[in-house]
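What follows is a short report on a single structure.
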Amino acid sequence: MPIGTNIEEIILHVAHVMIEELKLEGVTPETFDPDLDLVDEVGIDSMDLATVALVLRDEYGIRIDEDDYPKLINIRLISEYIDNRLKEKLQSAVG
Amino acid sequence: MASTKSTAPGPFSPEKIWKFSDILSDPEIRSRWETVRKYFFLRESTFDMTNRCNIRCDGCYYYEGDKQFVRENRNPDDWRKLMRAEKSRGITYVVLAGAEPSLVPDLCQVCFQEMPLGTIATNGLKFIPASINYRIHISVWGNDETSLSTRNAKDMLIRQVENYKGDPRAVFVYTFTRENIDQAREVAEILAARGCRLTFNMFSAPVGYGGPLRHTPASLLRTRKTMIDLLAAYPDHVLFSCYNAVAHTHPSGLHDLYSCSYPRKNPSTDIGLGRSFRQYRADLAWDRSAACCVPDTDCVECRHYAAGSAVVTARMFRHATDPETFKSWLDYVDTYLAVWVMGYAKGKNLCNDLVDPPGLQTSGSQEKEFF
């Protein structure tokens, strides 16, 4: 699945990574509600989130701070974080 | 003997940034990672089972603070309700500790019926029925001469071994104090000769403790060396790794090294221990401001094995920097699972170097100078 660079594509890709890494069943990237609380409603724990953060760090080539990922508790928040990091990276490359 | 190794890039070395996928491309690492990650579902709460104990040890954490004065709840129905409520909160693992759980086997049995994964911390003098299939951690604080002087109990090791020799639940936990470091060798020899497994703990002074058991820089150094020697001498009996030794004998305590994630030191309720962990007193009440695995320990001094098992394990993200650091973390988690989870078999350690805890502000030369 392409990782994408606009927010909608990033949301789909984050959902894909989440499903693959955590072996979630009964959901596809397209049906995964990006506003679902991953902790309360999906049952994801801190170690799961750390795993996903490491995979996304690899795939997007961005820096994710250890203090940041525990606050990224739904797919939309994670995707917006990635989007911001990609923009910063682009700015620093241009600047 | 393990060598000291810093994985941080030196001033003249090109800084390699490892991708997580590259680290996992090593089959040995991948295999261990897939093994340990199956246990990420474990979420713990801890429980004081009674405020009584059949011995009284110098420096005991339980008889500090006000938890010892609560009125204990001995109603099995209340305990069953509590276990069910904990399960509904997502708790999957319990630690039954203070003051001495073996004195209330009926309550331990109720806990086991409702929550099948857990550990009981005991002094080992009273046998816990085999029907309670939790891990049993038996505390050892030195040889029998030392136990008599600091715990006021005669022939302690003999009685502990008599009760738990050949018991698949049992792990003996040798707590290193400033005064019993050399005795660990004779205790390990006795336990290994009888087929008993052991792991190591560090005396972590309770708040306000001024006694002789508190560690010093010199005793930390001697303890580290002894741990590593014993790990090499008894690899089939000692459940430990080089990184365990580094993490628990470092001049800085666990909180400074890894930022403790128990509620007592962690105000965040977003995720992880800060969100789910509770420490219940014998009256079944809990207090977020005091909640950690060994309440009333001085946090600056905390090098407790139970604390490390959660706090170091939770810091996977920062250990995914390079293969050696990640291997060290995997060894630590592998040890933690073997010590705390029934049925989990310890694998061979992947890293025999002494790798620095990552992200240390005072690492490198300062620690090497110290050691």
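If you're wondering about the labels, chains in the structure tokens are A, B, ... by order shown, residues count from 1 in each chain, ligands from 1 in order shown.
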Report as a PyMOL selection string all protein, DNA and RNA residues lying within 12 Å of B:Pro206, evaluated on only C-alpha atoms, omitting residues in the same chain fewer than 4 positions from it. chain B and resi 58-65+210-211+213-214+294-304
Distance-based interface of chain A with chain B, 8 Å, counting only C-alpha atoms, as a list in words: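 Contact residues on the first chain: Val39, Asp45, Ser46, Met47, Asp48, Ala50, Thr51, Leu54, Val55, Asp58, Glu66, Pro70 and Lys71 of chain A.
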Do you know which residues are at most 8 Å from B:Met49 counting only C-alpha atoms, after dropping those on the same chain fewer than 2 positions away, and could you put them as an MDAnalysis selection string? chainID B and resid 47 51 72 96:101 104 107:108 281:282
